[in-house]
Amino acid sequence: MAWTVPLMIVFIVLYGGVKGVDITDAFARGVKKGLGTLMTILPAMMLMTVAIQMAQGSGLIERLSAALMPAASRLGLPSDCLPLALLRPFSSSGALSVGMNIMERFGPDSYQGRVAAVMLGASESSLYTIGIYSSATGIKKGGRILAAAFVGDITAFIASAFFARLM
């Protein structure tokens, strides 16, 4: 495993040499294109990051969790996992932090810990990803994309509780 990256680099250099590709120029063009993409998506990334931090810092996540608790309990979702479910579509790092707190508080083998682990593995920061790619590609009407992501996230969260109960 430790040799994978060095072997890939050697392979790319050798392959480029055999094909007659100026590897330095190709690398520079790739970096330039990558920086252009970064500059396109950076405003959306900053917006999402600030919005997520504001939601966490203001207590909005906790208030939403309390409001959703009755519905979540009917679906079998532990109330302690609601902040994770609310953050996961927006922020992988924020959700991971909440998931780690759940594991530390209840233990990884607890019902809450198992639900949190399955939620983290079965879902994605879908709204964050959609926001970034929509910004980069210029998609203006993403209602169906957002609806599909929302349904996918809810399904993943309910399935997480269901399958954690089976463990």
# chains A, B, ... in the order shown; residues from 1 in each chain; ligands from 1
$ select_by_dssp --residues "chain A" --states "helix (DSSP H, G or I)" --output "PyMOL selection string"
chain A and resi 4-19+23-58+60-75+79-87+92-106+111-122+126-137+143-166
$ residues_around --residues "region 104-114 of chain A" --least-positions-apart "6" --cutoff "7 Å" --atoms "only C-alpha atoms" --output "list in words"
Pro78, Asp80, Cys81 and Ala164 of chain A
$ closest_atom_pairs --of "region 71-130 of chain A" --to "region 62-65 of chain A" --cutoff "8 Å" --atoms "only C-alpha atoms" --output "Markdown table"
| residue | atom | partner | partner_atom | distance |
| --- | --- | --- | --- | --- |
| A:Ser79 | CA | A:Ser65 | CA | 7.4 |
| A:Leu82 | CA | A:Ser65 | CA | 5.4 |
| A:Pro83 | CA | A:Ser65 | CA | 6.0 |
| A:Leu86 | CA | A:Ser65 | CA | 7.7 |
$ residues_around --residues "Met48 (chain A)" --least-positions-apart "2" --cutoff "12 Å" --atoms "only C-alpha atoms" --output "PyMOL selection string"
chain A and resi 41-46+50-55+87+89-92+94+125+127-132+135
$ write_last_selection --atoms "C-alpha atoms" --output "PDB file, in the first residue's frame"
ATOM      1  CA  ILE A  41     -17.121  27.207  -6.566  1.00  0.00           C
ATOM      2  CA  LEU A  42     -15.393  29.139  -3.766  1.00  0.00           C
ATOM      3  CA  PRO A  43     -18.261  31.639  -3.191  1.00  0.00           C
ATOM      4  CA  ALA A  44     -20.785  28.812  -2.788  1.00  0.00           C
ATOM      5  CA  MET A  45     -18.430  26.953  -0.438  1.00  0.00           C
ATOM      6  CA  MET A  46     -17.980  30.047   1.705  1.00  0.00           C
ATOM      7  CA  VAL A  50     -20.900  30.432   7.080  1.00  0.00           C
ATOM      8  CA  ALA A  51     -24.563  29.368   7.035  1.00  0.00           C
ATOM      9  CA  ILE A  52     -23.773  26.053   8.745  1.00  0.00           C
ATOM     10  CA  GLN A  53     -21.658  27.745  11.416  1.00  0.00           C
ATOM     11  CA  MET A  54     -24.426  30.281  12.042  1.00  0.00           C
ATOM     12  CA  ALA A  55     -27.060  27.546  12.357  1.00  0.00           C
ATOM     13  CA  LEU A  87     -26.492  18.607   9.703  1.00  0.00           C
ATOM     14  CA  PRO A  89     -27.063  17.016   4.220  1.00  0.00           C
ATOM     15  CA  PHE A  90     -25.168  20.277   4.680  1.00  0.00           C
ATOM     16  CA  SER A  91     -21.843  19.444   6.282  1.00  0.00           C
ATOM     17  CA  SER A  92     -19.768  16.279   6.426  1.00  0.00           C
ATOM     18  CA  GLY A  94     -20.173  19.061  11.191  1.00  0.00           C
ATOM     19  CA  SER A 125     -23.625  15.955   2.382  1.00  0.00           C
ATOM     20  CA  LEU A 127     -27.264  19.667  -0.301  1.00  0.00           C
ATOM     21  CA  TYR A 128     -23.728  20.977   0.081  1.00  0.00           C
ATOM     22  CA  THR A 129     -22.608  18.996  -2.964  1.00  0.00           C
ATOM     23  CA  ILE A 130     -25.597  20.107  -5.025  1.00  0.00           C
ATOM     24  CA  GLY A 131     -24.958  23.725  -4.067  1.00  0.00           C
ATOM     25  CA  ILE A 132     -21.308  23.542  -5.090  1.00  0.00           C
ATOM     26  CA  SER A 135     -22.774  26.980  -8.725  1.00  0.00           C
TER      27      SER A 135
END
$ decode --residues "region 4-26 of chain A" --atoms "N, CA and C atoms" --output "PDB file, in the first residue's frame"
ATOM      1  N   THR A   4       1.852   2.529  -3.512  1.00  0.00           N
ATOM      2  CA  THR A   4       0.832   2.827  -4.520  1.00  0.00           C
ATOM      3  C   THR A   4       1.042   4.188  -5.179  1.00  0.00           C
ATOM      4  N   VAL A   5       1.161   5.232  -4.390  1.00  0.00           N
ATOM      5  CA  VAL A   5       1.305   6.582  -4.957  1.00  0.00           C
ATOM      6  C   VAL A   5       2.631   6.737  -5.700  1.00  0.00           C
ATOM      7  N   PRO A   6       3.756   6.335  -5.115  1.00  0.00           N
ATOM      8  CA  PRO A   6       5.006   6.456  -5.875  1.00  0.00           C
ATOM      9  C   PRO A   6       4.984   5.666  -7.190  1.00  0.00           C
ATOM     10  N   LEU A   7       4.377   4.482  -7.173  1.00  0.00           N
ATOM     11  CA  LEU A   7       4.281   3.696  -8.409  1.00  0.00           C
ATOM     12  C   LEU A   7       3.398   4.385  -9.441  1.00  0.00           C
ATOM     13  N   MET A   8       2.320   5.012  -8.987  1.00  0.00           N
ATOM     14  CA  MET A   8       1.456   5.741  -9.918  1.00  0.00           C
ATOM     15  C   MET A   8       2.202   6.909 -10.550  1.00  0.00           C
ATOM     16  N   ILE A   9       2.992   7.617  -9.757  1.00  0.00           N
ATOM     17  CA  ILE A   9       3.759   8.750 -10.283  1.00  0.00           C
ATOM     18  C   ILE A   9       4.765   8.273 -11.321  1.00  0.00           C
ATOM     19  N   VAL A  10       5.480   7.205 -10.998  1.00  0.00           N
ATOM     20  CA  VAL A  10       6.456   6.651 -11.952  1.00  0.00           C
ATOM     21  C   VAL A  10       5.744   6.208 -13.228  1.00  0.00           C
ATOM     22  N   PHE A  11       4.600   5.555 -13.086  1.00  0.00           N
ATOM     23  CA  PHE A  11       3.849   5.095 -14.252  1.00  0.00           C
ATOM     24  C   PHE A  11       3.421   6.272 -15.123  1.00  0.00           C
ATOM     25  N   ILE A  12       2.895   7.329 -14.498  1.00  0.00           N
ATOM     26  CA  ILE A  12       2.429   8.497 -15.259  1.00  0.00           C
ATOM     27  C   ILE A  12       3.585   9.151 -16.006  1.00  0.00           C
ATOM     28  N   VAL A  13       4.721   9.300 -15.337  1.00  0.00           N
ATOM     29  CA  VAL A  13       5.888   9.915 -15.983  1.00  0.00           C
ATOM     30  C   VAL A  13       6.370   9.052 -17.147  1.00  0.00           C
ATOM     31  N   LEU A  14       6.471   7.749 -16.930  1.00  0.00           N
ATOM     32  CA  LEU A  14       6.914   6.847 -18.001  1.00  0.00           C
ATOM     33  C   LEU A  14       5.920   6.822 -19.158  1.00  0.00           C
ATOM     34  N   TYR A  15       4.638   6.743 -18.838  1.00  0.00           N
ATOM     35  CA  TYR A  15       3.613   6.707 -19.881  1.00  0.00           C
ATOM     36  C   TYR A  15       3.634   7.995 -20.701  1.00  0.00           C
ATOM     37  N   GLY A  16       3.750   9.134 -20.001  1.00  0.00           N
ATOM     38  CA  GLY A  16       3.837  10.421 -20.694  1.00  0.00           C
ATOM     39  C   GLY A  16       5.068  10.497 -21.574  1.00  0.00           C
ATOM     40  N   GLY A  17       6.178   9.954 -21.084  1.00  0.00           N
ATOM     41  CA  GLY A  17       7.404   9.943 -21.879  1.00  0.00           C
ATOM     42  C   GLY A  17       7.276   9.090 -23.122  1.00  0.00           C
ATOM     43  N   VAL A  18       6.654   7.932 -22.997  1.00  0.00           N
ATOM     44  CA  VAL A  18       6.459   7.038 -24.144  1.00  0.00           C
ATOM     45  C   VAL A  18       5.525   7.677 -25.169  1.00  0.00           C
ATOM     46  N   LYS A  19       4.487   8.358 -24.692  1.00  0.00           N
ATOM     47  CA  LYS A  19       3.511   8.996 -25.585  1.00  0.00           C
ATOM     48  C   LYS A  19       3.991  10.346 -26.105  1.00  0.00           C
ATOM     49  N   GLY A  20       5.097  10.845 -25.597  1.00  0.00           N
ATOM     50  CA  GLY A  20       5.626  12.127 -26.052  1.00  0.00           C
ATOM     51  C   GLY A  20       4.892  13.329 -25.493  1.00  0.00           C
ATOM     52  N   VAL A  21       4.349  13.203 -24.304  1.00  0.00           N
ATOM     53  CA  VAL A  21       3.607  14.286 -23.667  1.00  0.00           C
ATOM     54  C   VAL A  21       4.560  15.090 -22.785  1.00  0.00           C
ATOM     55  N   ASP A  22       4.490  16.410 -22.882  1.00  0.00           N
ATOM     56  CA  ASP A  22       5.267  17.271 -21.994  1.00  0.00           C
ATOM     57  C   ASP A  22       4.531  17.295 -20.651  1.00  0.00           C
ATOM     58  N   ILE A  23       5.011  16.504 -19.709  1.00  0.00           N
ATOM     59  CA  ILE A  23       4.318  16.298 -18.448  1.00  0.00           C
ATOM     60  C   ILE A  23       4.251  17.589 -17.629  1.00  0.00           C
ATOM     61  N   THR A  24       5.303  18.362 -17.632  1.00  0.00           N
ATOM     62  CA  THR A  24       5.306  19.618 -16.887  1.00  0.00           C
ATOM     63  C   THR A  24       4.243  20.567 -17.418  1.00  0.00           C
ATOM     64  N   ASP A  25       4.146  20.678 -18.730  1.00  0.00           N
ATOM     65  CA  ASP A  25       3.136  21.549 -19.332  1.00  0.00           C
ATOM     66  C   ASP A  25       1.726  21.034 -19.050  1.00  0.00           C
ATOM     67  N   ALA A  26       1.538  19.726 -19.167  1.00  0.00           N
ATOM     68  CA  ALA A  26       0.220  19.145 -18.898  1.00  0.00           C
ATOM     69  C   ALA A  26      -0.177  19.364 -17.439  1.00  0.00           C
TER      70      ALA A  26
END
